[in-house]
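Student: Shown below is the structure under consideration.
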Amino acid sequence: MRILFLTHSFNSLSQRLYLELTGRGHEVSIEFDISDAVTLEAVAMCRPDLIVAPFLKRAIPEEIWRRQICLIVHPGIRGDRGPSALDWAILNSEQEWGVTVLQAAAEMDAGDIWASANFPMRAASKSSLYRNEVTEAAAVAVLEAVEKFEAGGVRPEPLDDARPDVRGQWRPAMRQEDRAIDWLHDGTATVLRKIRSADGFPGVLDEVLGVACYLYDAHPETGLRGAPGEVIAHGNGMICRATVDGAVWVGHLKKKQEREPAFKLPAAQVLGERLAGVAETPAPSPQPSPTEGRGGKTWSDIRYEEKNAVGTLHFEFYNGAMSTAQCGRLLQAYQEAIRCDTKVIVLAGGADFWSNGLHLNLIEAADSPADESWRNINAMNDLARAILATDSHLTISALQGNAGAGGVFLALAADRAVAREGVVLNPHYKAMGNLYGSEYWTYLLPRRVGEERAGEITGNRLPVGARQAKELGLIDGCFGGDAAAFRCGVEALAESLAADAPALLAAKRAERHRDEAGKPLTAYRAEELAQMKRNFYGFDPSYHVARYNFVHKVPHSRTPRHLALHRRIGVK
Ligand code: COA
């Protein structure tokens, strides 16, 4: 079938559905929701068999849904209606939630139901649930709905609030008052729920040390205590604030400003000198010791654990963005890890993202974005090089979460790269203002997929699903329907590599030796960085413009041609 996606943006959920549907032979064209007139034009040009709206913030024009079936993906259980579905589910401590695929109709989210899928809730932020459970459930429900539509003769179920399986109800847009934190009364669990219900957007509005700002990236702290509401510590850019029964770490803040646009930054950077007098916690201890990170009980973005001959390095960086400082700390943790008496290092990334490359927000906030871009890419390269040059251990990049741009190529620096089945990769840089990219990608990619495919992968600017990535040779394995199954598979792989370590390490050293003799890593790096220098400092400002638009979330003014197939000249 020819399917048209009407969507606010090509976000992770839309990308996953795109991959599922194109993988089943459907032709999927995409149009961003820019205006009703543009949407009408797109439908007329595309003449789709079916319209799917994976991520829309406004209603589809009536003229369209009256004429043909439009399926809306709603992140709520059957009967749930309204724009803050997941926010309410988190705030109300729902135990089970779901995704419903409904037909667009006059009343928002009240159209006939084509399919739905439920999942158990998890203590996590809204975006984490969206990227994991909601995306998995949406894939199931959308495929079911599309199959029913294709088969024909199936009538969707009208929404019937009286049915026992319809537990949802209409809920209004959540307001800041609904989730405002009362630091003098709220316990840690409540504070976490409130922040998580608004993370990534819009954030809970609060005041920290006299600064009005939105809070994001919250984690429980059980070791430190203080007067409720007080900022009791900071470290690695995060701040720790006491609750009535414990404390929470808050990693990111966005200033509330009337005029100047603001974006999320590490909390300590936003607060600056206001943190003078607040104790800095001891530097994180990425040392291979207990599994719970810094101080045993304190949350840490970098954490190391060891089991038998396998060391695992977790790096849970907010939104997968890796700043110069984070790359430096991870490099240090990595170097300490490979000094241990283990055979295999698993680079586990975070639960939501493995890595999305350079920290574009911090670059945007720097006095000289060009200089900060330069420092950041060099820090990424140092890390990639350390992984590539490791001859004492075998290394595995284990992608439980998605990866984009330099994050994908960093993963390829390990001896094996494996991904959870639902993972979506964006192995290209071009979407960021024609960025050339580094992280030794010119060495890492062709040796895996060949020159021709490397050109296609980086030039197409399209997402690649884990299964497809395995078929292309981009990664070595794809398994595990969920995080737990994936971790089991990674553990088994790591154990098997450890068992074979002497032979595998000998082969690895020989291959690296051969490759280095052919063309040294320094030469790849120098060539890539020469191009990057042009991107950062050259005449063409495309990268700086694209980064500004990305960080400031400037709305799209058109759908790129590589997504809007119906707008390509000559496409029938
Ligand atoms: N630096 C800073 N923030 C980043 C980031 C980066 N490299 N990559 C993603 N983010 C942030 C987004 O701004 C967004 O922030 P929000 O929580 O305020 O909404 C959040 O992470 C999720 O990103 P989003 O684009 O909504 O996720 P997605 O799953 O739909 O798309 C990508 C994933 C990787 C395709 C997309 O985020 C992207 O293109 N990132 C930039 C990659 C890049 O060019 N890196 C620099 C070159 S190495």
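The chains in the structure tokens are called A, B, ... from first to last as shown; in each chain the residues are counted from 1, and the ligands are counted from 1 in the order shown.
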Can you build me a table of chain A residues sitting at most 7 Å from ligand 1, with the closest atom pair per residue and its distance in Å to one decimal, using only C-alpha atoms and all ligand atoms, sorted by chain and residue number, as a Markdown table?

Tutor:
| residue | atom | partner | partner_atom_place_in_ligand_line | distance |
| --- | --- | --- | --- | --- |
| A:Phe10 | CA | ligand 1 | 30 (O) | 6.4 |
| A:Asn11 | CA | ligand 1 | 30 (O) | 3.2 |
| A:Ser12 | CA | ligand 1 | 29 (O) | 3.8 |
| A:Gly200 | CA | ligand 1 | 17 (O) | 4.1 |
| A:Phe201 | CA | ligand 1 | 19 (O) | 6.4 |
| A:Lys264 | CA | ligand 1 | 18 (O) | 6.5 |
| A:Asn319 | CA | ligand 1 | 21 (O) | 4.1 |
| A:Gly320 | CA | ligand 1 | 8 (N) | 6.2 |
| A:Ala321 | CA | ligand 1 | 1 (N) | 4.4 |
| A:Asn356 | CA | ligand 1 | 7 (N) | 4.7 |
| A:Gly357 | CA | ligand 1 | 48 (S) | 3.8 |
| A:Leu358 | CA | ligand 1 | 46 (C) | 4.5 |
| A:His359 | CA | ligand 1 | 1 (N) | 3.8 |
| A:Leu360 | CA | ligand 1 | 1 (N) | 3.8 |
| A:Asn361 | CA | ligand 1 | 2 (C) | 4.8 |
| A:Ala403 | CA | ligand 1 | 34 (C) | 6.1 |
| A:Gly404 | CA | ligand 1 | 34 (C) | 3.9 |
| A:Ala405 | CA | ligand 1 | 48 (S) | 4.7 |
| A:Gly406 | CA | ligand 1 | 48 (S) | 3.8 |
| A:Gly407 | CA | ligand 1 | 48 (S) | 6.5 |
| A:Asn426 | CA | ligand 1 | 35 (C) | 5.8 |
| A:Tyr429 | CA | ligand 1 | 44 (O) | 5.6 |
| A:Ala431 | CA | ligand 1 | 44 (O) | 6.8 |
| A:Met432 | CA | ligand 1 | 44 (O) | 4.9 |
| A:Gly437 | CA | ligand 1 | 48 (S) | 6.5 |
| A:Phe550 | CA | ligand 1 | 13 (O) | 6.4 |
| A:Val551 | CA | ligand 1 | 13 (O) | 5.7 |

Student: Deliver the residues from the most recent selection as a file, using N, CA, C and O atoms, as a short mmCIF file (atom, residue, chain, number, x, y, z; two decimals), in the first residue's frame.

Tutor:
data_model
loop_
_atom_site.label_atom_id
_atom_site.label_comp_id
_atom_site.auth_asym_id
_atom_site.auth_seq_id
_atom_site.Cartn_x
_atom_site.Cartn_y
_atom_site.Cartn_z
N PHE A 10 9.65 13.77 12.23
CA PHE A 10 10.04 12.37 12.00
C PHE A 10 10.74 11.90 13.27
O PHE A 10 11.94 11.68 13.29
N ASN A 11 9.97 11.76 14.35
CA ASN A 11 10.57 11.42 15.65
C ASN A 11 10.80 9.91 15.76
O ASN A 11 10.49 9.15 14.83
N SER A 12 11.29 9.49 16.91
CA SER A 12 11.70 8.09 17.04
C SER A 12 10.54 7.13 16.78
O SER A 12 10.72 6.10 16.13
N GLY A 200 10.66 14.60 28.61
CA GLY A 200 11.27 15.78 28.08
C GLY A 200 10.48 17.06 27.92
O GLY A 200 11.09 18.11 27.81
N PHE A 201 9.13 17.08 27.86
CA PHE A 201 8.43 18.33 27.63
C PHE A 201 7.16 18.34 28.45
O PHE A 201 6.52 17.31 28.55
N LYS A 264 17.49 23.40 27.22
CA LYS A 264 17.97 22.61 28.36
C LYS A 264 19.49 22.62 28.43
O LYS A 264 20.17 22.42 27.41
N ASN A 319 19.51 12.38 27.02
CA ASN A 319 19.23 12.51 25.58
C ASN A 319 20.36 11.96 24.70
O ASN A 319 20.41 12.26 23.50
N GLY A 320 21.27 11.22 25.29
CA GLY A 320 22.34 10.61 24.50
C GLY A 320 23.39 11.59 24.03
O GLY A 320 24.29 11.23 23.25
N ALA A 321 23.29 12.85 24.49
CA ALA A 321 24.26 13.85 24.04
C ALA A 321 25.54 13.74 24.88
O ALA A 321 25.47 13.61 26.09
N ASN A 356 23.99 9.97 21.01
CA ASN A 356 23.59 10.80 19.87
C ASN A 356 24.70 11.76 19.46
O ASN A 356 24.45 12.80 18.84
N GLY A 357 25.93 11.43 19.84
CA GLY A 357 27.06 12.23 19.38
C GLY A 357 27.25 13.52 20.15
O GLY A 357 26.87 13.64 21.32
N LEU A 358 27.81 14.50 19.46
CA LEU A 358 28.17 15.80 20.07
C LEU A 358 27.01 16.38 20.88
O LEU A 358 25.85 16.26 20.48
N HIS A 359 27.35 17.08 21.96
CA HIS A 359 26.32 17.71 22.80
C HIS A 359 25.96 19.06 22.20
O HIS A 359 26.58 20.09 22.48
N LEU A 360 24.94 19.04 21.34
CA LEU A 360 24.64 20.25 20.56
C LEU A 360 24.15 21.41 21.43
O LEU A 360 24.40 22.56 21.10
N ASN A 361 23.46 21.11 22.54
CA ASN A 361 22.99 22.21 23.40
C ASN A 361 24.17 22.94 24.04
O ASN A 361 24.19 24.17 24.10
N ALA A 403 20.67 5.13 18.64
CA ALA A 403 21.90 5.92 18.49
C ALA A 403 21.78 6.73 17.21
O ALA A 403 21.13 6.33 16.24
N GLY A 404 22.41 7.91 17.23
CA GLY A 404 22.35 8.77 16.05
C GLY A 404 23.69 9.41 15.78
O GLY A 404 24.50 9.60 16.68
N ALA A 405 23.92 9.73 14.52
CA ALA A 405 25.11 10.47 14.05
C ALA A 405 26.39 9.85 14.63
O ALA A 405 26.58 8.63 14.57
N GLY A 406 27.26 10.69 15.23
CA GLY A 406 28.54 10.19 15.72
C GLY A 406 28.38 9.07 16.74
O GLY A 406 29.29 8.25 16.91
N GLY A 407 27.23 9.02 17.40
CA GLY A 407 26.98 7.97 18.39
C GLY A 407 27.00 6.58 17.75
O GLY A 407 27.48 5.61 18.34
N ASN A 426 20.51 6.09 13.33
CA ASN A 426 20.60 7.12 12.28
C ASN A 426 22.08 7.31 11.96
O ASN A 426 22.72 8.24 12.47
N TYR A 429 25.39 12.00 9.27
CA TYR A 429 25.61 13.31 9.89
C TYR A 429 24.95 14.43 9.08
O TYR A 429 24.79 15.53 9.57
N ALA A 431 22.17 15.38 8.05
CA ALA A 431 20.96 16.11 8.44
C ALA A 431 21.32 17.31 9.30
O ALA A 431 20.54 18.26 9.40
N MET A 432 22.49 17.28 9.95
CA MET A 432 22.92 18.41 10.78
C MET A 432 23.75 19.36 9.91
O MET A 432 24.96 19.49 10.06
N GLY A 437 31.37 14.80 9.70
CA GLY A 437 31.47 13.73 10.70
C GLY A 437 32.89 13.26 10.90
O GLY A 437 33.76 13.44 10.03
N PHE A 550 17.87 23.08 15.48
CA PHE A 550 17.65 21.84 16.24
C PHE A 550 17.53 22.15 17.73
O PHE A 550 16.58 21.72 18.39
N VAL A 551 18.47 22.90 18.25
CA VAL A 551 18.50 23.17 19.70
C VAL A 551 17.31 24.04 20.11
O VAL A 551 16.69 23.82 21.14
#

Student: From a backbone DSSP assignment, name each residue in region 62-206 of chain A labelled strand (DSSP E or B), as a VMD selection string.

Tutor: chain A and resid 70 to 74 81 96 to 103 113 to 120 157 170 204 to 206

Student: Got time to write the residues from that selection, N, CA, C and O atoms, as an mmCIF file, in the first residue's frame?

Tutor:
data_model
loop_
_atom_site.group_PDB
_atom_site.id
_atom_site.type_symbol
_atom_site.label_atom_id
_atom_site.label_comp_id
_atom_site.auth_asym_id
_atom_site.auth_seq_id
_atom_site.Cartn_x
_atom_site.Cartn_y
_atom_site.Cartn_z
ATOM 1 N N CYS A 70 -8.064 7.880 8.232
ATOM 2 C CA CYS A 70 -6.810 8.362 8.830
ATOM 3 C C CYS A 70 -6.678 7.690 10.194
ATOM 4 O O CYS A 70 -7.589 7.799 11.030
ATOM 5 N N LEU A 71 -5.584 7.013 10.415
ATOM 6 C CA LEU A 71 -5.374 6.323 11.693
ATOM 7 C C LEU A 71 -4.476 7.162 12.594
ATOM 8 O O LEU A 71 -3.375 7.548 12.206
ATOM 9 N N ILE A 72 -4.956 7.430 13.795
ATOM 10 C CA ILE A 72 -4.208 8.252 14.746
ATOM 11 C C ILE A 72 -3.595 7.343 15.802
ATOM 12 O O ILE A 72 -4.283 6.478 16.363
ATOM 13 N N VAL A 73 -2.311 7.555 16.099
ATOM 14 C CA VAL A 73 -1.668 6.787 17.174
ATOM 15 C C VAL A 73 -1.794 7.617 18.457
ATOM 16 O O VAL A 73 -1.222 8.705 18.561
ATOM 17 N N HIS A 74 -2.556 7.096 19.410
ATOM 18 C CA HIS A 74 -2.761 7.835 20.669
ATOM 19 C C HIS A 74 -2.049 7.083 21.805
ATOM 20 O O HIS A 74 -2.327 5.891 22.018
ATOM 21 N N ARG A 81 -8.623 9.943 26.337
ATOM 22 C CA ARG A 81 -8.682 11.037 25.374
ATOM 23 C C ARG A 81 -8.000 12.266 25.959
ATOM 24 O O ARG A 81 -8.032 12.442 27.173
ATOM 25 N N GLU A 96 -0.831 0.041 34.522
ATOM 26 C CA GLU A 96 -0.807 -0.453 33.145
ATOM 27 C C GLU A 96 -1.224 0.688 32.234
ATOM 28 O O GLU A 96 -2.129 1.460 32.575
ATOM 29 N N TRP A 97 -0.583 0.817 31.109
ATOM 30 C CA TRP A 97 -0.973 1.854 30.163
ATOM 31 C C TRP A 97 -0.956 1.256 28.765
ATOM 32 O O TRP A 97 -0.731 0.044 28.622
ATOM 33 N N GLY A 98 -1.182 2.059 27.740
ATOM 34 C CA GLY A 98 -1.244 1.459 26.411
ATOM 35 C C GLY A 98 -1.232 2.472 25.288
ATOM 36 O O GLY A 98 -1.058 3.674 25.496
ATOM 37 N N VAL A 99 -1.424 1.932 24.111
ATOM 38 C CA VAL A 99 -1.488 2.744 22.892
ATOM 39 C C VAL A 99 -2.748 2.319 22.148
ATOM 40 O O VAL A 99 -3.041 1.123 22.057
ATOM 41 N N THR A 100 -3.489 3.285 21.646
ATOM 42 C CA THR A 100 -4.696 2.972 20.883
ATOM 43 C C THR A 100 -4.567 3.592 19.495
ATOM 44 O O THR A 100 -4.124 4.740 19.366
ATOM 45 N N VAL A 101 -4.937 2.811 18.495
ATOM 46 C CA VAL A 101 -4.944 3.337 17.125
ATOM 47 C C VAL A 101 -6.395 3.605 16.759
ATOM 48 O O VAL A 101 -7.203 2.673 16.707
ATOM 49 N N LEU A 102 -6.714 4.873 16.591
ATOM 50 C CA LEU A 102 -8.114 5.195 16.317
ATOM 51 C C LEU A 102 -8.275 5.989 15.032
ATOM 52 O O LEU A 102 -7.325 6.597 14.539
ATOM 53 N N GLN A 103 -9.497 5.950 14.560
ATOM 54 C CA GLN A 103 -9.785 6.639 13.305
ATOM 55 C C GLN A 103 -10.084 8.109 13.600
ATOM 56 O O GLN A 103 -10.830 8.398 14.535
ATOM 57 N N ILE A 113 -12.108 2.554 17.138
ATOM 58 C CA ILE A 113 -10.827 1.944 17.511
ATOM 59 C C ILE A 113 -10.475 0.808 16.549
ATOM 60 O O ILE A 113 -11.245 -0.137 16.379
ATOM 61 N N TRP A 114 -9.282 0.895 15.965
ATOM 62 C CA TRP A 114 -8.805 -0.152 15.048
ATOM 63 C C TRP A 114 -7.967 -1.181 15.778
ATOM 64 O O TRP A 114 -7.950 -2.349 15.414
ATOM 65 N N ALA A 115 -7.211 -0.760 16.766
ATOM 66 C CA ALA A 115 -6.357 -1.712 17.502
ATOM 67 C C ALA A 115 -5.832 -1.024 18.756
ATOM 68 O O ALA A 115 -5.822 0.217 18.836
ATOM 69 N N SER A 116 -5.405 -1.824 19.704
ATOM 70 C CA SER A 116 -4.749 -1.235 20.886
ATOM 71 C C SER A 116 -3.786 -2.268 21.461
ATOM 72 O O SER A 116 -3.901 -3.468 21.179
ATOM 73 N N ALA A 117 -2.833 -1.814 22.231
ATOM 74 C CA ALA A 117 -1.880 -2.729 22.884
ATOM 75 C C ALA A 117 -1.489 -2.100 24.221
ATOM 76 O O ALA A 117 -1.256 -0.892 24.284
ATOM 77 N N ASN A 118 -1.457 -2.918 25.259
ATOM 78 C CA ASN A 118 -1.135 -2.400 26.595
ATOM 79 C C ASN A 118 0.243 -2.861 27.060
ATOM 80 O O ASN A 118 0.813 -3.805 26.515
ATOM 81 N N PHE A 119 0.752 -2.184 28.096
ATOM 82 C CA PHE A 119 2.063 -2.567 28.660
ATOM 83 C C PHE A 119 2.066 -2.217 30.143
ATOM 84 O O PHE A 119 1.349 -1.293 30.560
ATOM 85 N N PRO A 120 2.886 -2.920 30.939
ATOM 86 C CA PRO A 120 3.012 -2.530 32.346
ATOM 87 C C PRO A 120 3.828 -1.252 32.451
ATOM 88 O O PRO A 120 4.787 -1.065 31.710
ATOM 89 N N GLU A 157 -14.091 -0.715 16.013
ATOM 90 C CA GLU A 157 -15.080 -0.660 17.108
ATOM 91 C C GLU A 157 -15.362 0.773 17.510
ATOM 92 O O GLU A 157 -14.425 1.517 17.805
ATOM 93 N N TRP A 170 -11.710 11.022 29.242
ATOM 94 C CA TRP A 170 -11.185 12.302 28.760
ATOM 95 C C TRP A 170 -10.434 12.999 29.893
ATOM 96 O O TRP A 170 -10.916 13.070 31.013
ATOM 97 N N VAL A 204 8.836 20.510 34.649
ATOM 98 C CA VAL A 204 8.089 21.063 35.787
ATOM 99 C C VAL A 204 8.686 22.423 36.132
ATOM 100 O O VAL A 204 9.894 22.539 36.349
ATOM 101 N N LEU A 205 7.810 23.413 36.178
ATOM 102 C CA LEU A 205 8.282 24.767 36.501
ATOM 103 C C LEU A 205 8.521 24.877 38.003
ATOM 104 O O LEU A 205 7.677 24.468 38.804
ATOM 105 N N ASP A 206 9.680 25.414 38.364
ATOM 106 C CA ASP A 206 10.043 25.499 39.773
ATOM 107 C C ASP A 206 10.981 26.688 39.942
ATOM 108 O O ASP A 206 11.285 27.393 38.965
#

Student: Which residues, written as a PyMOL selection string, have at least one atom at most 7 Å from region 309-315 of chain A, with only C-alpha atoms counted and residues fewer than 4 positions away on the same chain left out?

Tutor: chain A and resi 301-305+337+342-350+494+498

Student: Save the residues we just selected, all heavy atoms, as a compact mmCIF listing (two decimals), in the first residue's frame?

Tutor:
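File produced: again.txt:
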# COMPACT_ATOMS: atom_id res chain seq x y z
N ASP A 301 25.94 9.17 36.28
CA ASP A 301 25.66 8.92 34.86
C ASP A 301 26.61 7.86 34.30
O ASP A 301 26.27 7.18 33.33
CB ASP A 301 25.70 10.23 34.05
CG ASP A 301 26.98 11.03 34.26
OD1 ASP A 301 27.88 10.55 34.98
OD2 ASP A 301 27.08 12.14 33.69
N ILE A 302 27.78 7.72 34.90
CA ILE A 302 28.70 6.66 34.45
C ILE A 302 28.82 5.64 35.58
O ILE A 302 29.01 6.01 36.74
CB ILE A 302 30.10 7.22 34.13
CG1 ILE A 302 29.99 8.26 33.01
CG2 ILE A 302 31.06 6.10 33.74
CD1 ILE A 302 31.31 8.93 32.66
N ARG A 303 28.72 4.39 35.25
CA ARG A 303 28.70 3.37 36.29
C ARG A 303 29.35 2.11 35.71
O ARG A 303 29.17 1.81 34.52
CB ARG A 303 27.23 3.20 36.62
CG ARG A 303 26.70 2.17 37.40
CD ARG A 303 25.26 2.61 37.75
NE ARG A 303 24.32 2.21 36.70
CZ ARG A 303 23.92 0.99 36.51
NH1 ARG A 303 24.39 0.02 37.26
NH2 ARG A 303 23.06 0.70 35.55
N TYR A 304 30.12 1.43 36.56
CA TYR A 304 30.83 0.25 36.10
C TYR A 304 30.40 -0.95 36.94
O TYR A 304 30.24 -0.83 38.15
CB TYR A 304 32.33 0.46 36.25
CG TYR A 304 33.17 -0.74 35.88
CD1 TYR A 304 33.51 -0.99 34.56
CD2 TYR A 304 33.62 -1.62 36.86
CE1 TYR A 304 34.28 -2.10 34.21
CE2 TYR A 304 34.39 -2.74 36.53
CZ TYR A 304 34.70 -2.97 35.20
OH TYR A 304 35.47 -4.06 34.87
N GLU A 305 30.21 -2.09 36.31
CA GLU A 305 29.96 -3.31 37.09
C GLU A 305 30.74 -4.46 36.46
O GLU A 305 31.08 -4.41 35.28
CB GLU A 305 28.47 -3.63 37.17
CG GLU A 305 27.79 -3.81 35.86
CD GLU A 305 26.28 -3.99 36.00
OE1 GLU A 305 25.81 -4.33 37.09
OE2 GLU A 305 25.58 -3.81 34.99
N ALA A 337 38.69 0.77 33.40
CA ALA A 337 38.05 -0.54 33.21
C ALA A 337 39.00 -1.53 32.52
O ALA A 337 39.05 -2.71 32.88
CB ALA A 337 36.77 -0.39 32.40
N THR A 342 39.91 -8.43 33.57
CA THR A 342 38.74 -8.99 32.88
C THR A 342 39.16 -9.24 31.43
O THR A 342 40.26 -8.87 31.03
CB THR A 342 37.56 -7.99 32.90
OG1 THR A 342 38.06 -6.72 32.48
CG2 THR A 342 36.94 -7.87 34.29
N LYS A 343 38.27 -9.82 30.65
CA LYS A 343 38.62 -10.12 29.25
C LYS A 343 37.76 -9.31 28.27
O LYS A 343 38.17 -9.07 27.14
CB LYS A 343 38.37 -11.60 28.96
CG LYS A 343 39.17 -12.57 29.81
CD LYS A 343 40.48 -12.87 29.11
CE LYS A 343 41.30 -13.94 29.82
NZ LYS A 343 41.63 -13.59 31.21
N VAL A 344 36.56 -8.96 28.72
CA VAL A 344 35.62 -8.30 27.81
C VAL A 344 35.06 -7.05 28.47
O VAL A 344 34.77 -7.06 29.66
CB VAL A 344 34.44 -9.27 27.47
CG1 VAL A 344 33.41 -8.59 26.57
CG2 VAL A 344 34.96 -10.53 26.80
N ILE A 345 34.94 -5.98 27.67
CA ILE A 345 34.28 -4.77 28.17
C ILE A 345 33.01 -4.56 27.34
O ILE A 345 33.05 -4.52 26.11
CB ILE A 345 35.16 -3.51 27.98
CG1 ILE A 345 36.49 -3.64 28.72
CG2 ILE A 345 34.41 -2.24 28.42
CD1 ILE A 345 36.40 -3.63 30.23
N VAL A 346 31.89 -4.45 28.04
CA VAL A 346 30.62 -4.14 27.37
C VAL A 346 30.36 -2.65 27.54
O VAL A 346 30.34 -2.14 28.66
CB VAL A 346 29.45 -4.96 27.97
CG1 VAL A 346 28.13 -4.54 27.34
CG2 VAL A 346 29.68 -6.44 27.78
N LEU A 347 30.18 -1.98 26.43
CA LEU A 347 29.82 -0.55 26.47
C LEU A 347 28.31 -0.48 26.32
O LEU A 347 27.76 -0.68 25.24
CB LEU A 347 30.52 0.18 25.32
CG LEU A 347 32.05 0.13 25.40
CD1 LEU A 347 32.69 0.48 24.06
CD2 LEU A 347 32.56 1.06 26.49
N ALA A 348 27.63 -0.26 27.47
CA ALA A 348 26.18 -0.46 27.49
C ALA A 348 25.38 0.80 27.21
O ALA A 348 24.17 0.74 27.04
CB ALA A 348 25.77 -1.05 28.84
N GLY A 349 26.03 1.97 27.16
CA GLY A 349 25.27 3.20 26.93
C GLY A 349 24.21 3.39 27.99
O GLY A 349 24.36 2.97 29.13
N GLY A 350 23.09 4.01 27.61
CA GLY A 350 22.00 4.22 28.55
C GLY A 350 20.77 3.43 28.13
O GLY A 350 20.76 2.81 27.07
N ALA A 494 29.06 -11.89 25.69
CA ALA A 494 30.29 -11.48 26.38
C ALA A 494 30.99 -12.70 26.97
O ALA A 494 32.22 -12.84 26.87
CB ALA A 494 29.94 -10.46 27.47
N ALA A 498 34.68 -14.05 26.08
CA ALA A 498 35.66 -14.21 27.16
C ALA A 498 36.28 -15.61 27.11
O ALA A 498 37.49 -15.79 27.31
CB ALA A 498 35.02 -13.95 28.51

Student: Using only C-alpha atoms, which protein or nucleic acid residues come within 10 Å of Asp182 (chain A)? Drop anything in the same chain fewer than 3 positions from it, and give the result as a ChimeraX atom specification.

Tutor: /A:179,185-187,190-191,206,228-229,243-244

Student: Produce a file of the selected residues containing all heavy atoms, as a tab-separated table (two decimals), in the first residue's frame.

Tutor:
chain	number	residue	atom	x	y	z
A	179	ARG	N	1.20	19.63	38.48
A	179	ARG	CA	2.39	18.86	38.85
A	179	ARG	C	3.41	19.69	39.62
A	179	ARG	O	4.58	19.32	39.71
A	179	ARG	CB	3.01	18.18	37.64
A	179	ARG	CG	3.22	19.06	36.43
A	179	ARG	CD	3.69	18.22	35.25
A	179	ARG	NE	3.30	18.81	33.98
A	179	ARG	CZ	3.15	18.13	32.85
A	179	ARG	NH1	3.35	16.85	32.82
A	179	ARG	NH2	2.81	18.73	31.74
A	185	HIS	N	6.43	19.26	51.51
A	185	HIS	CA	5.56	18.11	51.81
A	185	HIS	C	5.81	16.89	50.94
A	185	HIS	O	5.56	15.77	51.36
A	185	HIS	CB	4.08	18.52	51.68
A	185	HIS	CG	3.68	19.52	52.72
A	185	HIS	ND1	3.62	20.88	52.43
A	185	HIS	CD2	3.37	19.38	54.02
A	185	HIS	CE1	3.27	21.52	53.53
A	185	HIS	NE2	3.12	20.64	54.51
A	186	ASP	N	6.29	17.08	49.71
A	186	ASP	CA	6.41	15.94	48.79
A	186	ASP	C	7.62	15.06	49.12
A	186	ASP	O	8.73	15.56	49.33
A	186	ASP	CB	6.55	16.44	47.34
A	186	ASP	CG	5.25	17.02	46.81
A	186	ASP	OD1	4.20	16.80	47.44
A	186	ASP	OD2	5.29	17.70	45.76
A	187	GLY	N	7.39	13.76	49.11
A	187	GLY	CA	8.48	12.81	49.28
A	187	GLY	C	9.18	12.58	47.95
A	187	GLY	O	8.71	13.04	46.89
A	190	THR	N	7.10	11.19	45.02
A	190	THR	CA	6.17	12.15	44.42
A	190	THR	C	6.94	13.16	43.55
A	190	THR	O	6.52	13.47	42.43
A	190	THR	CB	5.40	12.91	45.53
A	190	THR	OG1	4.79	11.93	46.36
A	190	THR	CG2	4.35	13.84	44.97
A	191	VAL	N	8.06	13.64	44.07
A	191	VAL	CA	8.86	14.61	43.29
A	191	VAL	C	9.29	13.96	41.97
A	191	VAL	O	9.18	14.56	40.90
A	191	VAL	CB	10.10	15.08	44.10
A	191	VAL	CG1	11.04	15.89	43.22
A	191	VAL	CG2	9.66	15.89	45.31
A	206	ASP	N	9.68	25.41	38.36
A	206	ASP	CA	10.04	25.50	39.77
A	206	ASP	C	10.98	26.69	39.94
A	206	ASP	O	11.29	27.39	38.97
A	206	ASP	CB	10.75	24.19	40.17
A	206	ASP	CG	10.76	23.97	41.67
A	206	ASP	OD1	9.95	24.57	42.38
A	206	ASP	OD2	11.63	23.21	42.13
A	228	PRO	N	14.25	19.95	53.54
A	228	PRO	CA	13.45	19.81	52.32
A	228	PRO	C	13.52	21.04	51.42
A	228	PRO	O	13.35	22.17	51.89
A	228	PRO	CB	12.03	19.60	52.85
A	228	PRO	CG	12.22	19.01	54.21
A	228	PRO	CD	13.49	19.58	54.75
A	229	GLY	N	13.81	20.80	50.15
A	229	GLY	CA	13.87	21.88	49.17
A	229	GLY	C	15.25	22.46	48.98
A	229	GLY	O	15.54	23.08	47.97
A	243	THR	N	14.40	16.25	49.71
A	243	THR	CA	12.93	16.13	49.82
A	243	THR	C	12.62	15.84	51.29
A	243	THR	O	13.54	15.76	52.10
A	243	THR	CB	12.41	14.97	48.94
A	243	THR	OG1	12.96	13.75	49.47
A	243	THR	CG2	12.84	15.12	47.49
A	244	VAL	N	11.36	15.61	51.61
A	244	VAL	CA	11.06	15.35	53.02
A	244	VAL	C	11.61	14.01	53.49
A	244	VAL	O	11.86	13.82	54.68
A	244	VAL	CB	9.54	15.41	53.33
A	244	VAL	CG1	9.03	16.83	53.24
A	244	VAL	CG2	8.75	14.49	52.43

Student: Just the residues within 8 Å of Pro266 (chain A), please, counting only C-alpha atoms, with nothing from its chain fewer than 3 positions along; format it as a list in words.

Tutor: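 Listing them by chain and then by number gives Gly237, Met238, Gly251, His252, Leu253, Gln269 and Val270 of chain A.
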
Student: Smallest atom-to-atom distance to Val554 (chain A): which of A:Ser373, A:Ser9, A:Ser300, A:Ser397, using only C-alpha atoms?

Tutor: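 Looking only at the distances to Val554 (chain A), the closest residue turns out to be A:Ser9.
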
Student: From the options A:Ile30, A:Ala89, A:Ile3, A:Ala138, which residue's atoms come nearest to Gln68 (chain A), counting only C-alpha atoms?

Tutor: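 Checking each of A:Ile30, A:Ala89, A:Ile3, A:Ala138 against Gln68 (chain A), counting only C-alpha atoms, the winner is A:Ile3.
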